[in-house]
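Enquirer: I am attaching a structure below and will ask some questions about it afterwards.
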Amino acid sequence: MPFAAPDYIPFATELAREAGAVLMRHYGDVQVEHKGSFDTVTAADRASERLVVERIRSRFPRHSILAEEGGNFEGAGELIWHVDPLDGTTNFSHGLPRFCVSIGLWSRREGLAGVVFDPVRGDMYAAERGSGAYLNSHRIRVSHESDLKLSLFATGFPSAIRATNPNMHYFHQVAMATHGVRRTGSAALDLCAVAAGHFEGFWEIGLKSWDVAAGLVLLSEAGGEYCDFDRKSYRPGDRRIVATNGKVTSDLLELLAEVSRGHQRHALPPLDNAR
């Protein structure tokens, strides 16, 4: 059954559009701050988050909020908003047009609704539990591809803890065993691309709840599935995620498990080949 909050999607999509407008006012004239050696935050992040958090607190005062830049709020109810006011900050700060606003609503156990807005393209992804997933009011569904070799995947790498993140090992093996792997810089938009059938799957290590909460609702409503690397239930904030069209999950998990055990199907080519 659809989630019983008929005003949620109109509220969230309007809010995401307003936050996207904030981002676009800053786009092209970005003031960057550094949270660490590589992590960045901009004035746009903070302005977008302030708008979103204030609106949610005003409209749903009992709900909790988890937001990337610290605008957290502990409400009295069971519902939690996961807010990424600017997913793809590195892209944004370099002028690359691949970023979004991501707003997801979960109970303690399951995703209820999510919106992801790409302000450059004007694309609004929206989904509510039991009601399907939509891009600009058009229904979207995952792809039907079941052959791993013909499947296209996406992944990402952390900015701040890149020296200890093992994803490059997985990246190489998946890239060699499939049609390819893309690293676009926005986990939320990558999950939307799986939901819309552009990618067959996505995996990553070390994401936060606000990176994926909205995208996972979209994926699920588009007919996809998600889990951890051991095919156990995944909740936003868990360390390892696999999200697919549901048809390549087993093959992808088998490949990832081989990498975890230290097995390589495809050895790195010698550097002499680059000369």
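For the structure tokens, the naming scheme is as follows: chains receive sequential letters (A, B, ...) according to their order of presentation, residues are indexed from 1 within each chain, and ligands are indexed from 1 in presentation order.
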Using only C-alpha atoms, which protein or nucleic acid residues come within 9 Å of Asp251 of chain A? Drop anything in the same chain fewer than 5 positions from it, and give the result as a list in words.

Expert: Asp147, Leu148 and Leu256 of chain A

Enquirer: Just want the 10 Å neighbourhood of segment 164-174 of chain A, counted on only C-alpha atoms, with same-chain residues fewer than 4 positions away dropped. Output as a ChimeraX atom specification.

Expert: /A:148-149,152-160,178-183,203-206,252,255-260,262-268

Enquirer: Near Gly185 of chain A, within 9 Å and counting only C-alpha atoms, which residues show up once chain neighbours fewer than 2 positions away are dropped, as a ChimeraX atom specification?

Expert: /A:87-91,98-99,155-157,183,187,189-190

Enquirer: Quick one: of A:Glu221, A:Pro97, A:Ser64, A:Thr42, who's nearest to Arg129 of chain A, counting only C-alpha atoms?

Expert: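 Residue with the minimum atom-to-atom distance to Arg129 of chain A: A:Glu221.
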
Enquirer: Show me, as a PDB file with N, CA, C and O atoms, in the first residue's frame, the residues that have an atom within 7 Å of Ala19 of chain A when counting only C-alpha atoms, minus same-chain residues fewer than 5 positions from it.

Expert:
ATOM      1  N   SER A  48      21.677  25.337   1.050  1.00  0.00           N
ATOM      2  CA  SER A  48      20.669  24.353   0.639  1.00  0.00           C
ATOM      3  C   SER A  48      20.178  23.562   1.836  1.00  0.00           C
ATOM      4  O   SER A  48      18.961  23.369   2.015  1.00  0.00           O
ATOM      5  N   LEU A  51      17.859  25.584   4.210  1.00  0.00           N
ATOM      6  CA  LEU A  51      16.503  25.681   3.675  1.00  0.00           C
ATOM      7  C   LEU A  51      15.724  24.393   3.899  1.00  0.00           C
ATOM      8  O   LEU A  51      14.587  24.416   4.405  1.00  0.00           O
ATOM      9  N   VAL A  52      16.320  23.258   3.544  1.00  0.00           N
ATOM     10  CA  VAL A  52      15.616  21.983   3.630  1.00  0.00           C
ATOM     11  C   VAL A  52      15.279  21.637   5.076  1.00  0.00           C
ATOM     12  O   VAL A  52      14.141  21.253   5.393  1.00  0.00           O
ATOM     13  N   VAL A 101      20.111  17.377  -5.363  1.00  0.00           N
ATOM     14  CA  VAL A 101      19.556  17.429  -4.007  1.00  0.00           C
ATOM     15  C   VAL A 101      18.867  16.097  -3.766  1.00  0.00           C
ATOM     16  O   VAL A 101      18.098  15.628  -4.604  1.00  0.00           O
TER      17      VAL A 101
END

Enquirer: Might you pull out every residue within 10 Å of Ser137 of chain A, with only C-alpha atoms counted and same-chain residues fewer than 4 positions away left off, and present them as a PyMOL selection string?

Expert: chain A and resi 123-126+133

Enquirer: Please produce a file of the residues just selected, as an mmCIF file, in the first residue's frame, where the atoms kept are all heavy atoms.

Expert:
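The file below, selection.cif, is the result:
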data_model
loop_
_atom_site.group_PDB
_atom_site.id
_atom_site.type_symbol
_atom_site.label_atom_id
_atom_site.label_comp_id
_atom_site.auth_asym_id
_atom_site.auth_seq_id
_atom_site.Cartn_x
_atom_site.Cartn_y
_atom_site.Cartn_z
ATOM 1 N N ASP A 123 15.642 17.580 -13.889
ATOM 2 C CA ASP A 123 15.074 16.246 -13.726
ATOM 3 C C ASP A 123 14.698 15.995 -12.275
ATOM 4 O O ASP A 123 15.540 16.127 -11.377
ATOM 5 C CB ASP A 123 16.074 15.179 -14.169
ATOM 6 C CG ASP A 123 16.166 15.072 -15.682
ATOM 7 O OD1 ASP A 123 15.256 15.565 -16.371
ATOM 8 O OD2 ASP A 123 17.153 14.485 -16.180
ATOM 9 N N MET A 124 13.446 15.612 -12.059
ATOM 10 C CA MET A 124 12.955 15.287 -10.727
ATOM 11 C C MET A 124 12.591 13.806 -10.676
ATOM 12 O O MET A 124 11.677 13.349 -11.358
ATOM 13 C CB MET A 124 11.718 16.118 -10.383
ATOM 14 C CG MET A 124 11.111 15.796 -9.007
ATOM 15 S SD MET A 124 12.175 16.300 -7.638
ATOM 16 C CE MET A 124 11.953 18.094 -7.713
ATOM 17 N N TYR A 125 13.328 13.061 -9.869
ATOM 18 C CA TYR A 125 13.012 11.660 -9.596
ATOM 19 C C TYR A 125 12.221 11.617 -8.300
ATOM 20 O O TYR A 125 12.602 12.245 -7.308
ATOM 21 C CB TYR A 125 14.284 10.837 -9.434
ATOM 22 C CG TYR A 125 15.158 10.763 -10.663
ATOM 23 C CD1 TYR A 125 16.107 11.744 -10.926
ATOM 24 C CD2 TYR A 125 15.044 9.703 -11.558
ATOM 25 C CE1 TYR A 125 16.913 11.678 -12.049
ATOM 26 C CE2 TYR A 125 15.847 9.627 -12.684
ATOM 27 C CZ TYR A 125 16.779 10.612 -12.921
ATOM 28 O OH TYR A 125 17.578 10.539 -14.034
ATOM 29 N N ALA A 126 11.129 10.860 -8.301
ATOM 30 C CA ALA A 126 10.292 10.795 -7.103
ATOM 31 C C ALA A 126 9.666 9.414 -6.976
ATOM 32 O O ALA A 126 9.265 8.806 -7.975
ATOM 33 C CB ALA A 126 9.197 11.862 -7.152
ATOM 34 N N ALA A 133 8.034 4.439 -9.241
ATOM 35 C CA ALA A 133 9.087 5.450 -9.336
ATOM 36 C C ALA A 133 8.900 6.253 -10.614
ATOM 37 O O ALA A 133 8.536 5.698 -11.662
ATOM 38 C CB ALA A 133 10.460 4.789 -9.321
#

Enquirer: Nearest to Arg17 of chain A among A:Val116, A:Val212, A:Ala177, A:Ala195, with distances taken over only C-alpha atoms: which residue is it?

Expert: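 Looking only at the distances to Arg17 of chain A, the closest residue turns out to be A:Val116.
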
Enquirer: Based on the backbone DSSP call, show me all residues of segment 35-90 of chain A assigned strand (DSSP E or B), as an MDAnalysis selection string.

Expert: chainID A and resid 40:42 64:67 73 80:87

Enquirer: Give one line per residue of segment 141-218 of chain A that approaches segment 73-82 of chain A to at most 7 Å, naming the two atoms of the closest pair and their distance in Å to one decimal, counting only C-alpha atoms; sort by chain then ascending residue number and deliver it as JSON lines.

Expert:
{"residue": "A:Ser209", "atom": "CA", "partner": "A:His82", "partner_atom": "CA", "distance": 6.4}
{"residue": "A:Trp210", "atom": "CA", "partner": "A:His82", "partner_atom": "CA", "distance": 4.7}
{"residue": "A:Ala213", "atom": "CA", "partner": "A:His82", "partner_atom": "CA", "distance": 6.3}

Enquirer: Any idea what's packed within 8 Å of Ala44 of chain A, counting only C-alpha atoms, ignoring anything in its chain fewer than 3 positions away? Could you give it as a list in words?

Expert: Val22, Leu23, His26, Val30, Ala47, Ser48 and Leu86 of chain A

Enquirer: Include N, CA, C and O atoms and write out the residues we just selected as an mmCIF file, in the first residue's frame.

Expert:
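New file result.cif:
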data_model
loop_
_atom_site.group_PDB
_atom_site.id
_atom_site.type_symbol
_atom_site.label_atom_id
_atom_site.label_comp_id
_atom_site.auth_asym_id
_atom_site.auth_seq_id
_atom_site.Cartn_x
_atom_site.Cartn_y
_atom_site.Cartn_z
ATOM 1 N N VAL A 22 18.781 27.206 -5.080
ATOM 2 C CA VAL A 22 19.868 27.745 -4.254
ATOM 3 C C VAL A 22 21.219 27.307 -4.817
ATOM 4 O O VAL A 22 22.148 28.105 -4.945
ATOM 5 N N LEU A 23 21.332 26.023 -5.155
ATOM 6 C CA LEU A 23 22.593 25.528 -5.710
ATOM 7 C C LEU A 23 22.951 26.250 -7.008
ATOM 8 O O LEU A 23 24.115 26.624 -7.216
ATOM 9 N N HIS A 26 24.644 29.556 -6.816
ATOM 10 C CA HIS A 26 26.059 29.506 -6.455
ATOM 11 C C HIS A 26 26.912 28.873 -7.554
ATOM 12 O O HIS A 26 28.128 29.064 -7.572
ATOM 13 N N VAL A 30 31.858 29.281 -7.047
ATOM 14 C CA VAL A 30 31.830 28.444 -5.854
ATOM 15 C C VAL A 30 32.946 28.824 -4.895
ATOM 16 O O VAL A 30 34.118 28.924 -5.283
ATOM 17 N N ALA A 47 23.733 26.530 2.521
ATOM 18 C CA ALA A 47 22.501 27.271 2.255
ATOM 19 C C ALA A 47 21.370 26.332 1.863
ATOM 20 O O ALA A 47 20.223 26.493 2.308
ATOM 21 N N SER A 48 21.677 25.337 1.050
ATOM 22 C CA SER A 48 20.669 24.353 0.639
ATOM 23 C C SER A 48 20.178 23.562 1.836
ATOM 24 O O SER A 48 18.961 23.369 2.015
ATOM 25 N N LEU A 86 23.569 18.674 -1.251
ATOM 26 C CA LEU A 86 24.344 18.759 -2.485
ATOM 27 C C LEU A 86 25.153 17.474 -2.617
ATOM 28 O O LEU A 86 26.247 17.348 -2.083
#

Enquirer: Find the residues near Tyr27 of chain A: any atom within 8 Å, counting only C-alpha atoms, skip ones fewer than 5 places away on the same chain, and give them as a list in words.

Expert: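 Returned residues: Phe92, Ser93 and Gly95 of chain A.
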
Enquirer: One number please: atom CA of Asp45 of chain A to atom CA of Ser102 of chain A, in Å, one decimal.

Expert: 11.9 Å

Enquirer: Run DSSP on the backbone of this structure and report the residues of segment 5-206 of chain A it assigns to alpha helix (DSSP H), as number ranges by chain.

Expert: A: 8-26, 43-59, 89-93, 167-177, 187-195

Enquirer: In Å, how far is it from atom CA of Val120 of chain A to atom CA of Glu69 of chain A?

Expert: 21.9 Å

Enquirer: Would you work out the distance separating atom CA of Ala214 of chain A from atom CA of Cys227 of chain A, expressed in Å to one decimal?

Expert: 15.2 Å

Enquirer: Between A:Asp211, A:Ala222, A:Leu253, A:Ser186, single out the one closest to Asp238 of chain A, counting only C-alpha atoms.

Expert: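 Closest to Asp238 of chain A, using only C-alpha atoms: A:Asp211.
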